[in-house]
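Visitor: What follows is query.pdb, made up of PDB, C-alpha atoms:
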```pdb
ATOM      1  CA  MET A   1       7.134  36.876 -15.957
ATOM      2  CA  ILE A   2       5.028  34.124 -17.542
ATOM      3  CA  ARG A   3       4.638  34.313 -21.313
ATOM      4  CA  VAL A   4       1.599  32.607 -22.796
ATOM      5  CA  CYS A   5       0.780  32.126 -26.462
ATOM      6  CA  ILE A   6      -2.919  31.586 -27.155
ATOM      7  CA  CYS A   7      -3.676  29.770 -30.403
ATOM      8  CA  GLY A   8      -7.112  30.518 -31.806
ATOM      9  CA  GLY A   9      -9.679  33.251 -32.128
ATOM     10  CA  GLY A  10     -12.919  31.937 -30.655
ATOM     11  CA  SER A  11     -14.842  33.146 -27.622
ATOM     12  CA  LEU A  12     -12.717  31.238 -25.129
ATOM     13  CA  ALA A  13      -9.538  32.571 -26.750
ATOM     14  CA  HIS A  14     -10.836  36.111 -26.327
ATOM     15  CA  VAL A  15     -11.795  35.666 -22.673
ATOM     16  CA  CYS A  16      -8.571  33.837 -21.777
ATOM     17  CA  ALA A  17      -6.556  36.542 -23.534
ATOM     18  CA  GLY A  18      -8.283  39.249 -21.515
ATOM     19  CA  VAL A  19      -8.149  37.500 -18.155
ATOM     20  CA  LEU A  20      -4.501  36.471 -18.535
ATOM     21  CA  SER A  21      -3.172  39.739 -19.989
ATOM     22  CA  PHE A  22      -4.986  41.654 -17.233
ATOM     23  CA  GLN A  23      -2.447  40.172 -14.797
ATOM     24  CA  SER A  24       0.719  42.251 -14.485
ATOM     25  CA  GLU A  25       3.046  39.246 -14.309
ATOM     26  CA  VAL A  26       1.715  37.697 -17.543
ATOM     27  CA  GLU A  27       2.475  38.508 -21.187
ATOM     28  CA  VAL A  28       0.080  37.184 -23.813
ATOM     29  CA  ASN A  29       0.780  36.514 -27.485
ATOM     30  CA  ILE A  30      -1.913  35.570 -29.989
ATOM     31  CA  PHE A  31      -1.334  33.092 -32.825
ATOM     32  CA  THR A  32      -4.177  33.633 -35.291
ATOM     33  CA  ARG A  33      -4.961  33.431 -38.991
ATOM     34  CA  GLN A  34      -6.431  36.937 -38.775
ATOM     35  CA  PRO A  35      -3.973  39.156 -36.888
ATOM     36  CA  GLU A  36      -5.267  42.260 -38.691
ATOM     37  CA  ARG A  37      -8.610  41.894 -36.894
ATOM     38  CA  TRP A  38      -7.085  42.009 -33.415
ATOM     39  CA  SER A  39      -6.433  45.094 -31.325
ATOM     40  CA  GLN A  40      -3.412  45.349 -29.031
ATOM     41  CA  HIS A  41      -5.932  46.038 -26.267
ATOM     42  CA  ILE A  42      -8.681  43.643 -25.188
ATOM     43  CA  ILE A  43     -11.545  44.115 -22.755
ATOM     44  CA  VAL A  44     -13.469  41.279 -21.088
ATOM     45  CA  THR A  45     -16.569  42.031 -19.026
ATOM     46  CA  ASP A  46     -18.066  39.455 -16.669
ATOM     47  CA  HIS A  47     -21.722  38.932 -15.778
ATOM     48  CA  GLU A  48     -21.451  41.229 -12.749
ATOM     49  CA  GLY A  49     -19.858  44.080 -14.675
ATOM     50  CA  LYS A  50     -16.239  43.500 -13.644
ATOM     51  CA  THR A  51     -13.825  44.298 -16.460
ATOM     52  CA  TYR A  52     -10.464  42.812 -17.348
ATOM     53  CA  LYS A  53      -8.470  45.196 -19.519
ATOM     54  CA  GLY A  54      -5.319  43.745 -20.997
ATOM     55  CA  ASN A  55      -2.579  44.603 -23.460
ATOM     56  CA  LEU A  56      -1.519  41.927 -25.912
ATOM     57  CA  ASN A  57       2.185  41.548 -26.577
ATOM     58  CA  VAL A  58       2.444  39.907 -30.027
ATOM     59  CA  ILE A  59      -0.376  39.191 -32.491
ATOM     60  CA  SER A  60       0.792  37.170 -35.449
ATOM     61  CA  ASN A  61       0.047  34.449 -37.987
ATOM     62  CA  ASN A  62       3.747  33.528 -37.925
ATOM     63  CA  PRO A  63       4.219  30.633 -35.458
ATOM     64  CA  GLN A  64       7.892  31.384 -34.837
ATOM     65  CA  GLU A  65       7.083  34.968 -33.902
ATOM     66  CA  ALA A  66       4.046  34.072 -31.814
ATOM     67  CA  MET A  67       5.755  31.272 -29.850
ATOM     68  CA  HIS A  68       9.040  33.106 -29.184
ATOM     69  CA  ASP A  69      10.122  32.856 -25.525
ATOM     70  CA  CYS A  70       6.729  31.511 -24.407
ATOM     71  CA  ASN A  71       6.467  29.259 -21.349
ATOM     72  CA  ILE A  72       2.951  28.049 -22.105
ATOM     73  CA  ILE A  73       1.317  27.471 -25.487
ATOM     74  CA  PHE A  74      -2.430  27.252 -25.074
ATOM     75  CA  LEU A  75      -4.853  25.963 -27.694
ATOM     76  CA  CYS A  76      -8.356  27.444 -27.852
ATOM     77  CA  LEU A  77      -9.343  25.581 -31.001
ATOM     78  CA  PRO A  78     -12.086  23.401 -32.464
ATOM     79  CA  GLY A  79     -11.283  19.720 -32.767
ATOM     80  CA  PHE A  80     -10.664  19.772 -36.507
ATOM     81  CA  ALA A  81      -7.928  22.435 -36.109
ATOM     82  CA  ILE A  82      -5.856  20.766 -33.373
ATOM     83  CA  GLU A  83      -3.731  18.419 -35.472
ATOM     84  CA  SER A  84      -2.852  20.945 -38.184
ATOM     85  CA  THR A  85      -1.998  23.583 -35.571
ATOM     86  CA  LEU A  86       0.244  21.229 -33.589
ATOM     87  CA  GLU A  87       2.042  20.287 -36.816
ATOM     88  CA  CYS A  88       2.483  23.981 -37.621
ATOM     89  CA  ILE A  89       3.870  25.027 -34.239
ATOM     90  CA  LYS A  90       5.900  21.876 -33.505
ATOM     91  CA  PRO A  91       9.274  23.331 -34.645
ATOM     92  CA  TYR A  92       8.857  26.350 -32.354
ATOM     93  CA  ILE A  93       7.578  24.816 -29.108
ATOM     94  CA  GLY A  94      11.002  24.416 -27.520
ATOM     95  CA  ASN A  95      10.598  23.670 -23.810
ATOM     96  CA  ALA A  96       7.156  25.233 -23.513
ATOM     97  CA  VAL A  97       4.219  23.384 -21.996
ATOM     98  CA  VAL A  98       1.401  22.810 -24.495
ATOM     99  CA  GLY A  99      -2.188  22.810 -23.251
ATOM    100  CA  SER A 100      -5.772  22.914 -24.428
ATOM    101  CA  ILE A 101      -8.888  24.620 -23.126
ATOM    102  CA  VAL A 102     -10.962  21.715 -24.501
ATOM    103  CA  CYS A 103      -9.718  18.108 -24.358
ATOM    104  CA  SER A 104     -12.890  16.251 -25.278
ATOM    105  CA  THR A 105     -12.167  16.570 -29.009
ATOM    106  CA  GLY A 106      -8.963  14.542 -28.862
ATOM    107  CA  PHE A 107      -6.220  16.944 -27.760
ATOM    108  CA  PHE A 108      -4.160  14.417 -25.796
ATOM    109  CA  PHE A 109      -4.509  11.640 -28.365
ATOM    110  CA  THR A 110      -3.493  14.004 -31.165
ATOM    111  CA  ALA A 111      -0.640  15.590 -29.190
ATOM    112  CA  HIS A 112       0.810  12.164 -28.413
ATOM    113  CA  ARG A 113       0.764  11.345 -32.103
ATOM    114  CA  VAL A 114       2.181  14.672 -33.348
ATOM    115  CA  LEU A 115       4.510  15.764 -30.529
ATOM    116  CA  GLY A 116       5.446  12.367 -29.093
ATOM    117  CA  ASN A 117       4.792  10.676 -25.784
ATOM    118  CA  ASN A 118       7.373  12.806 -23.957
ATOM    119  CA  ALA A 119       5.784  16.176 -24.732
ATOM    120  CA  ARG A 120       4.881  18.314 -21.726
ATOM    121  CA  LEU A 121       1.113  18.630 -21.877
ATOM    122  CA  PHE A 122      -1.872  19.792 -19.872
ATOM    123  CA  GLY A 123      -5.567  20.150 -20.519
ATOM    124  CA  PHE A 124      -8.829  21.088 -18.843
ATOM    125  CA  GLN A 125     -11.562  18.546 -18.186
ATOM    126  CA  ARG A 126     -14.169  21.316 -18.468
ATOM    127  CA  VAL A 127     -13.668  24.896 -19.595
ATOM    128  CA  PRO A 128     -13.078  27.402 -16.750
ATOM    129  CA  PHE A 129     -15.307  30.106 -18.238
ATOM    130  CA  ILE A 130     -18.506  30.507 -20.203
ATOM    131  CA  ALA A 131     -17.561  32.955 -22.932
ATOM    132  CA  ARG A 132     -19.011  34.979 -25.789
ATOM    133  CA  THR A 133     -17.213  37.325 -28.187
ATOM    134  CA  THR A 134     -18.845  40.746 -28.507
ATOM    135  CA  LYS A 135     -16.393  42.370 -30.941
ATOM    136  CA  TYR A 136     -13.881  40.118 -32.642
ATOM    137  CA  GLY A 137     -10.310  40.839 -31.581
ATOM    138  CA  HIS A 138     -11.402  43.571 -29.191
ATOM    139  CA  ALA A 139     -13.954  42.523 -26.572
ATOM    140  CA  ALA A 140     -15.787  39.585 -25.041
ATOM    141  CA  ASN A 141     -18.181  38.710 -22.237
ATOM    142  CA  LEU A 142     -17.354  36.269 -19.456
ATOM    143  CA  LEU A 143     -20.811  34.867 -18.746
ATOM    144  CA  GLY A 144     -19.889  32.575 -15.888
ATOM    145  CA  TYR A 145     -17.056  31.162 -13.780
ATOM    146  CA  LYS A 146     -16.697  27.545 -12.693
ATOM    147  CA  PRO A 147     -16.364  26.957  -8.928
ATOM    148  CA  GLN A 148     -13.545  24.494  -9.657
ATOM    149  CA  VAL A 149     -11.791  22.989 -12.660
ATOM    150  CA  SER A 150      -9.692  19.863 -13.107
ATOM    151  CA  ILE A 151      -6.629  19.439 -15.299
ATOM    152  CA  ALA A 152      -4.561  16.530 -16.561
ATOM    153  CA  VAL A 153      -0.798  17.083 -16.649
ATOM    154  CA  GLU A 154       1.827  14.936 -18.360
ATOM    155  CA  ASN A 155       5.647  14.765 -18.303
ATOM    156  CA  MET A 156       6.272  17.484 -15.716
ATOM    157  CA  GLU A 157       8.568  16.958 -12.740
ATOM    158  CA  ASP A 158       6.476  19.055 -10.371
ATOM    159  CA  LYS A 159       2.822  18.680 -11.294
ATOM    160  CA  GLU A 160       1.651  20.347  -8.110
ATOM    161  CA  GLU A 161       3.656  23.473  -8.859
ATOM    162  CA  PHE A 162       2.151  23.631 -12.339
ATOM    163  CA  ARG A 163      -1.326  23.133 -10.882
ATOM    164  CA  LYS A 164      -0.738  26.208  -8.738
ATOM    165  CA  ILE A 165       0.316  28.192 -11.813
ATOM    166  CA  VAL A 166      -2.871  27.234 -13.674
ATOM    167  CA  GLU A 167      -4.982  28.042 -10.633
ATOM    168  CA  SER A 168      -3.400  31.494 -10.429
ATOM    169  CA  LEU A 169      -3.531  32.267 -14.145
ATOM    170  CA  TRP A 170      -7.157  31.260 -14.627
ATOM    171  CA  MET A 171      -8.193  32.477 -11.167
ATOM    172  CA  THR A 172     -10.159  29.294 -10.500
ATOM    173  CA  PRO A 173      -9.599  26.574  -7.863
ATOM    174  CA  THR A 174      -7.876  23.737  -9.726
ATOM    175  CA  LYS A 175      -7.253  20.075  -8.952
ATOM    176  CA  LEU A 176      -5.077  17.479 -10.651
ATOM    177  CA  LEU A 177      -6.475  14.484 -12.473
ATOM    178  CA  HIS A 178      -4.717  11.119 -12.489
ATOM    179  CA  SER A 179      -4.788  10.423 -16.221
ATOM    180  CA  HIS A 180      -5.334  12.191 -19.523
ATOM    181  CA  TYR A 181      -8.405   9.994 -20.011
ATOM    182  CA  GLU A 182     -10.019  11.902 -17.156
ATOM    183  CA  ALA A 183      -9.715  15.131 -19.153
ATOM    184  CA  SER A 184     -10.309  13.654 -22.605
ATOM    185  CA  LEU A 185     -13.484  11.769 -21.775
ATOM    186  CA  THR A 186     -16.123  14.153 -20.594
ATOM    187  CA  ASN A 187     -19.889  13.884 -20.628
ATOM    188  CA  SER A 188     -20.150  17.626 -21.158
ATOM    189  CA  ASN A 189     -20.237  18.802 -24.795
ATOM    190  CA  PRO A 190     -19.860  15.402 -26.534
ATOM    191  CA  ILE A 191     -22.905  14.000 -24.751
ATOM    192  CA  LEU A 192     -24.816  16.981 -23.379
ATOM    193  CA  HIS A 193     -24.785  18.926 -26.655
ATOM    194  CA  THR A 194     -25.384  15.974 -28.947
ATOM    195  CA  GLY A 195     -28.136  14.454 -26.827
ATOM    196  CA  ARG A 196     -29.992  17.761 -26.579
ATOM    197  CA  ILE A 197     -29.736  18.397 -30.319
ATOM    198  CA  TYR A 198     -30.900  14.885 -31.146
ATOM    199  CA  SER A 199     -33.963  15.284 -28.937
ATOM    200  CA  MET A 200     -34.820  18.593 -30.640
ATOM    201  CA  TRP A 201     -34.395  17.659 -34.268
ATOM    202  CA  LYS A 202     -34.395  13.886 -34.760
ATOM    203  CA  ASP A 203     -37.843  14.196 -36.384
ATOM    204  CA  TRP A 204     -37.291  17.550 -38.094
ATOM    205  CA  ASN A 205     -38.699  17.591 -41.621
ATOM    206  CA  GLY A 206     -38.030  21.147 -42.697
ATOM    207  CA  GLU A 207     -40.564  23.116 -40.703
ATOM    208  CA  LEU A 208     -39.747  26.649 -39.567
ATOM    209  CA  TYR A 209     -39.437  27.661 -35.926
ATOM    210  CA  SER A 210     -40.764  31.002 -34.701
ATOM    211  CA  HIS A 211     -37.599  31.788 -32.735
ATOM    212  CA  ASN A 212     -34.131  30.522 -31.923
ATOM    213  CA  ILE A 213     -34.718  27.975 -29.175
ATOM    214  CA  LEU A 214     -32.969  28.726 -25.894
ATOM    215  CA  PHE A 215     -30.670  25.745 -25.575
ATOM    216  CA  TYR A 216     -30.825  25.414 -21.784
ATOM    217  CA  LYS A 217     -33.709  27.575 -20.606
ATOM    218  CA  GLU A 218     -36.123  25.645 -22.853
ATOM    219  CA  TRP A 219     -34.589  22.260 -22.016
ATOM    220  CA  THR A 220     -37.061  19.365 -22.128
ATOM    221  CA  VAL A 221     -37.678  16.167 -20.157
ATOM    222  CA  GLU A 222     -37.182  14.242 -23.409
ATOM    223  CA  ALA A 223     -33.699  15.735 -23.726
ATOM    224  CA  SER A 224     -32.919  14.697 -20.147
ATOM    225  CA  LYS A 225     -34.074  11.130 -20.781
ATOM    226  CA  THR A 226     -31.843  10.939 -23.859
ATOM    227  CA  LEU A 227     -28.947  12.378 -21.884
ATOM    228  CA  ILE A 228     -29.342   9.932 -18.990
ATOM    229  CA  ALA A 229     -29.435   6.922 -21.352
ATOM    230  CA  MET A 230     -26.286   8.097 -23.162
ATOM    231  CA  ASP A 231     -24.500   8.893 -19.917
ATOM    232  CA  LYS A 232     -25.209   5.440 -18.496
ATOM    233  CA  GLU A 233     -23.337   3.871 -21.422
ATOM    234  CA  PHE A 234     -20.525   6.396 -21.048
ATOM    235  CA  MET A 235     -20.093   5.490 -17.381
ATOM    236  CA  GLN A 236     -19.844   1.793 -18.337
ATOM    237  CA  LEU A 237     -16.914   2.703 -20.589
ATOM    238  CA  LEU A 238     -15.169   4.579 -17.786
ATOM    239  CA  ASP A 239     -15.337   1.441 -15.642
ATOM    240  CA  VAL A 240     -12.880  -0.364 -17.957
ATOM    241  CA  LEU A 241     -10.447   2.533 -18.536
ATOM    242  CA  PRO A 242      -7.692   3.933 -16.257
ATOM    243  CA  VAL A 243     -10.054   6.472 -14.745
ATOM    244  CA  THR A 244     -10.260   7.106 -11.009
ATOM    245  CA  PRO A 245     -13.770   6.380  -9.680
ATOM    246  CA  GLY A 246     -15.595   9.679  -9.273
ATOM    247  CA  ALA A 247     -13.118  11.700 -11.351
ATOM    248  CA  ILE A 248     -15.810  12.092 -14.007
ATOM    249  CA  PRO A 249     -19.176  12.235 -12.246
ATOM    250  CA  SER A 250     -22.340  11.138 -13.969
ATOM    251  CA  LEU A 251     -24.496  13.951 -15.319
ATOM    252  CA  LEU A 252     -27.096  13.313 -12.617
ATOM    253  CA  GLU A 253     -24.379  13.653  -9.976
ATOM    254  CA  TYR A 254     -22.821  16.712 -11.606
ATOM    255  CA  TYR A 255     -26.175  18.506 -11.792
ATOM    256  CA  GLU A 256     -27.275  17.273  -8.341
ATOM    257  CA  SER A 257     -30.348  15.561  -9.781
ATOM    258  CA  HIS A 258     -31.948  12.121  -9.460
ATOM    259  CA  ASP A 259     -34.162  11.711 -12.537
ATOM    260  CA  ALA A 260     -35.143  13.300 -15.852
ATOM    261  CA  ILE A 261     -37.567  15.774 -14.283
ATOM    262  CA  SER A 262     -35.155  17.095 -11.655
ATOM    263  CA  LEU A 263     -32.345  17.239 -14.218
ATOM    264  CA  THR A 264     -34.560  19.300 -16.527
ATOM    265  CA  GLU A 265     -35.450  21.726 -13.758
ATOM    266  CA  LYS A 266     -31.809  22.063 -12.747
ATOM    267  CA  ILE A 267     -30.513  22.766 -16.255
ATOM    268  CA  ARG A 268     -33.318  25.243 -16.966
ATOM    269  CA  SER A 269     -32.476  27.171 -13.786
ATOM    270  CA  ILE A 270     -28.736  27.769 -14.299
ATOM    271  CA  VAL A 271     -28.387  31.550 -14.448
ATOM    272  CA  ALA A 272     -25.270  31.640 -16.629
ATOM    273  CA  PHE A 273     -27.006  29.505 -19.281
ATOM    274  CA  GLN A 274     -30.226  31.515 -19.581
ATOM    275  CA  ASP A 275     -29.448  33.434 -22.767
ATOM    276  CA  ILE A 276     -27.582  30.715 -24.674
ATOM    277  CA  THR A 277     -29.356  29.936 -27.928
ATOM    278  CA  SER A 278     -29.338  26.838 -30.128
ATOM    279  CA  PRO A 279     -27.320  26.180 -33.297
ATOM    280  CA  MET A 280     -29.912  27.665 -35.637
ATOM    281  CA  LYS A 281     -29.970  30.171 -38.485
ATOM    282  CA  GLU A 282     -32.601  32.676 -39.516
ATOM    283  CA  VAL A 283     -34.241  32.285 -42.909
ATOM    284  CA  ASP A 284     -37.263  33.858 -44.564
ATOM    285  CA  GLY A 285     -40.206  33.248 -42.274
ATOM    286  CA  GLY A 286     -38.401  31.812 -39.254
ATOM    287  CA  TRP A 287     -35.523  29.692 -37.973
ATOM    288  CA  ILE A 288     -34.072  26.307 -38.936
ATOM    289  CA  PRO A 289     -31.287  24.090 -37.515
ATOM    290  CA  ASP A 290     -27.762  25.044 -38.551
ATOM    291  CA  PHE A 291     -26.117  21.748 -39.452
ATOM    292  CA  GLU A 292     -22.822  23.537 -40.149
ATOM    293  CA  SER A 293     -22.490  24.859 -36.598
ATOM    294  CA  ARG A 294     -19.668  23.732 -34.309
ATOM    295  CA  TYR A 295     -22.127  21.511 -32.494
ATOM    296  CA  PHE A 296     -22.198  19.386 -35.649
ATOM    297  CA  THR A 297     -18.628  19.927 -36.901
ATOM    298  CA  GLU A 298     -17.039  19.264 -33.505
ATOM    299  CA  ASP A 299     -19.206  17.538 -30.917
ATOM    300  CA  PHE A 300     -20.287  14.676 -33.195
ATOM    301  CA  PRO A 301     -17.216  13.892 -35.389
ATOM    302  CA  TYR A 302     -14.632  14.526 -32.676
ATOM    303  CA  GLY A 303     -16.036  14.447 -29.140
ATOM    304  CA  LEU A 304     -18.688  11.747 -29.437
ATOM    305  CA  LYS A 305     -16.686   9.732 -31.962
ATOM    306  CA  ILE A 306     -13.773   9.365 -29.533
ATOM    307  CA  ILE A 307     -16.137   7.885 -26.940
ATOM    308  CA  ILE A 308     -17.677   5.480 -29.447
ATOM    309  CA  ASP A 309     -14.283   4.382 -30.798
ATOM    310  CA  LEU A 310     -13.046   3.585 -27.292
ATOM    311  CA  ALA A 311     -16.282   1.750 -26.496
ATOM    312  CA  LYS A 312     -15.827  -0.445 -29.585
ATOM    313  CA  GLU A 313     -12.196  -1.162 -28.656
ATOM    314  CA  ASN A 314     -13.321  -2.250 -25.196
ATOM    315  CA  ASN A 315     -16.447  -4.176 -26.265
ATOM    316  CA  ILE A 316     -18.876  -1.834 -24.511
ATOM    317  CA  HIS A 317     -22.398  -1.937 -25.963
ATOM    318  CA  THR A 318     -23.563   1.636 -26.695
ATOM    319  CA  PRO A 319     -26.856   1.607 -28.640
ATOM    320  CA  ASN A 320     -27.973   5.046 -27.433
ATOM    321  CA  LEU A 321     -24.624   6.712 -28.099
ATOM    322  CA  ASN A 322     -24.490   5.064 -31.533
ATOM    323  CA  LYS A 323     -28.019   6.157 -32.411
ATOM    324  CA  VAL A 324     -27.325   9.808 -31.601
ATOM    325  CA  PHE A 325     -23.923   9.737 -33.314
ATOM    326  CA  GLU A 326     -25.220   8.205 -36.535
ATOM    327  CA  TRP A 327     -28.066  10.717 -36.710
ATOM    328  CA  GLY A 328     -25.736  13.669 -36.124
ATOM    329  CA  MET A 329     -23.190  12.509 -38.683
ATOM    330  CA  SER A 330     -25.943  12.050 -41.258
ATOM    331  CA  LYS A 331     -26.772  15.743 -40.872
ATOM    332  CA  SER A 332     -23.248  17.136 -40.748
ATOM    333  CA  TYR A 333     -21.061  18.003 -43.728
ATOM    334  CA  PHE A 334     -18.296  16.458 -41.604
ATOM    335  CA  SER A 335     -19.854  13.023 -42.092
ATOM    336  CA  ASN A 336     -16.684  11.730 -43.743
ATOM    337  CA  SER A 337     -14.457  12.789 -40.841
ATOM    338  CA  GLN A 338     -11.696  10.342 -40.044
ATOM    339  CA  SER A 339     -11.151  11.540 -36.491
ATOM    340  CA  SER A 340      -9.949   8.706 -34.281
ATOM    341  CA  VAL A 341      -7.966   7.976 -31.151
TER     342      VAL A 341
END
```
Can the structure from this file be put into structure tokens for me?
Guide:
Amino acid sequence: MIRVCICGGGSLAHVCAGVLSFQSEVEVNIFTRQPERWSQHIIVTDHEGKTYKGNLNVISNNPQEAMHDCNIIFLCLPGFAIESTLECIKPYIGNAVVGSIVCSTGFFFTAHRVLGNNARLFGFQRVPFIARTTKYGHAANLLGYKPQVSIAVENMEDKEEFRKIVESLWMTPTKLLHSHYEASLTNSNPILHTGRIYSMWKDWNGELYSHNILFYKEWTVEASKTLIAMDKEFMQLLDVLPVTPGAIPSLLEYYESHDAISLTEKIRSIVAFQDITSPMKEVDGGWIPDFESRYFTEDFPYGLKIIIDLAKENNIHTPNLNKVFEWGMSKSYFSNSQSSV
């Protein structure tokens, strides 16, 4: 029996809880600030109608209770919550492996600082599922699977055996990365989200929109041009870090495109992304950007900042990354964030 404690209550936490607890050889505990909102039973439905019905073992805001006898402690948390959560659970980790569904907001850097360089860690380069909560603590939708995911693993004697465990638990083909940098430095959310948002609202002056813009389906060539310029600088950084060539493909490679037009067409066409909206909120008369959304509180002050900090340390010139970062931080109430590597 594998016992997993999931820390967090977002969409990915819900879907992981359902998919993992659905498996007969897995017990799932939930560590959450709001245990009263969770049911002992969770249902996850994928985009083809398949359902994962699971029973949760322990649901608690007490870390000692939630971590008890767990083999894997798994963080499904925004960047700003990682350090405080690791500090909270540190006394109760024991010999468990600690992992994160998202590493681009500094998981490995923070875990090294809080838990020490000998902690047993793992983390995904990209999330295995596209997820949305439908009823908090009860149900969620799994909008899409990834054909393959990659993980970084540290301080384990048999990394290949652990890779097999992850592959089985998350039901997704999984490969090992060579360094935590290969999981921590992604051009997914920290560049894709921030570049798209910048292209949408860099000139916004308060006007109302008639609808919530579809983030991917209404993708623009301007957004692709911004993305390509940012990604070029990101790839220059990878060249000077301990990253295996090809471990983090460029966005053009990842999306099988060759220029801004083909990248735009590709992103617009991804079925699993069709209904995903933008970080906006409805007000009288229309819609406006939501500068308090996780796109602004996470992707700018944690994800993109890590990339920029490393670029500065390694003397990599990043005018496009800097421009987008400075704009985003000027809009976010997290503008005084001290996140660093």
Visitor: For a quick check of understanding, using only C-alpha atoms, which of A:Lys323, A:Lys225, A:His193, A:Arg132 has the smallest distance to His258 (chain A)?
Guide: A:Lys225
Visitor: Considering all atoms listed in the file, state which residue in the set A:Glu222, A:Glu256, A:Asp284, A:Glu298 is at the smallest distance from Val102 (chain A).
Guide: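 Smallest separation from Val102 (chain A) among the options: A:Glu298.
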Visitor: Would you mind reading off the distance between CA of Glu154 (chain A) and CA of Phe122 (chain A), one decimal, in Å?
Guide: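 One can read the CA of Glu154 (chain A) to CA of Phe122 (chain A) distance as 6.3 Å.
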Visitor: As a check of understanding, name the residues that the PyMOL selection byres ((chain A and resi 255) around 12) selects in the supplied structure, as number ranges by chain.
Guide: A: 187-188, 192, 224, 228, 249-254, 256-270
Visitor: Save the residues we just selected, C-alpha atoms, as a short mmCIF file (atom, residue, chain, number, x, y, z; two decimals), in the frame of the given file?
Guide:
```
data_model
loop_
_atom_site.label_atom_id
_atom_site.label_comp_id
_atom_site.auth_asym_id
_atom_site.auth_seq_id
_atom_site.Cartn_x
_atom_site.Cartn_y
_atom_site.Cartn_z
CA ASN A 187 -19.89 13.88 -20.63
CA SER A 188 -20.15 17.63 -21.16
CA LEU A 192 -24.82 16.98 -23.38
CA SER A 224 -32.92 14.70 -20.15
CA ILE A 228 -29.34 9.93 -18.99
CA PRO A 249 -19.18 12.24 -12.25
CA SER A 250 -22.34 11.14 -13.97
CA LEU A 251 -24.50 13.95 -15.32
CA LEU A 252 -27.10 13.31 -12.62
CA GLU A 253 -24.38 13.65 -9.98
CA TYR A 254 -22.82 16.71 -11.61
CA GLU A 256 -27.28 17.27 -8.34
CA SER A 257 -30.35 15.56 -9.78
CA HIS A 258 -31.95 12.12 -9.46
CA ASP A 259 -34.16 11.71 -12.54
CA ALA A 260 -35.14 13.30 -15.85
CA ILE A 261 -37.57 15.77 -14.28
CA SER A 262 -35.16 17.10 -11.66
CA LEU A 263 -32.34 17.24 -14.22
CA THR A 264 -34.56 19.30 -16.53
CA GLU A 265 -35.45 21.73 -13.76
CA LYS A 266 -31.81 22.06 -12.75
CA ILE A 267 -30.51 22.77 -16.26
CA ARG A 268 -33.32 25.24 -16.97
CA SER A 269 -32.48 27.17 -13.79
CA ILE A 270 -28.74 27.77 -14.30
#
```
Visitor: Please list, as a VMD selection string, the residues that have an atom at most 9 Å away from (-15.2, 13.2, -33.1) in the coordinates of this file, counting only C-alpha atoms.
Guide: chain A and resid 79 to 80 104 to 106 190 297 to 308 337 to 340
Visitor: A:Leu208, A:Met200, A:Ala247, A:Leu12: which is nearest Leu176 (chain A), counting all atoms listed in the file?
Guide: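 Smallest separation from Leu176 (chain A) among the options: A:Ala247.
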Visitor: Which residues are near region 55-57 of chain A? Cut-off 8 Å, all atoms listed in the file, ignore same chain within fewer than 3 positions. Put them as a PyMOL selection string.
Guide: chain A and resi 17+21-22+27-30+39-42
Visitor: CA of Ser210 (chain A) to CA of Trp287 (chain A): how many Å, to one decimal?
Guide: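 Separation between CA of Ser210 (chain A) and CA of Trp287 (chain A): 6.3 Å.
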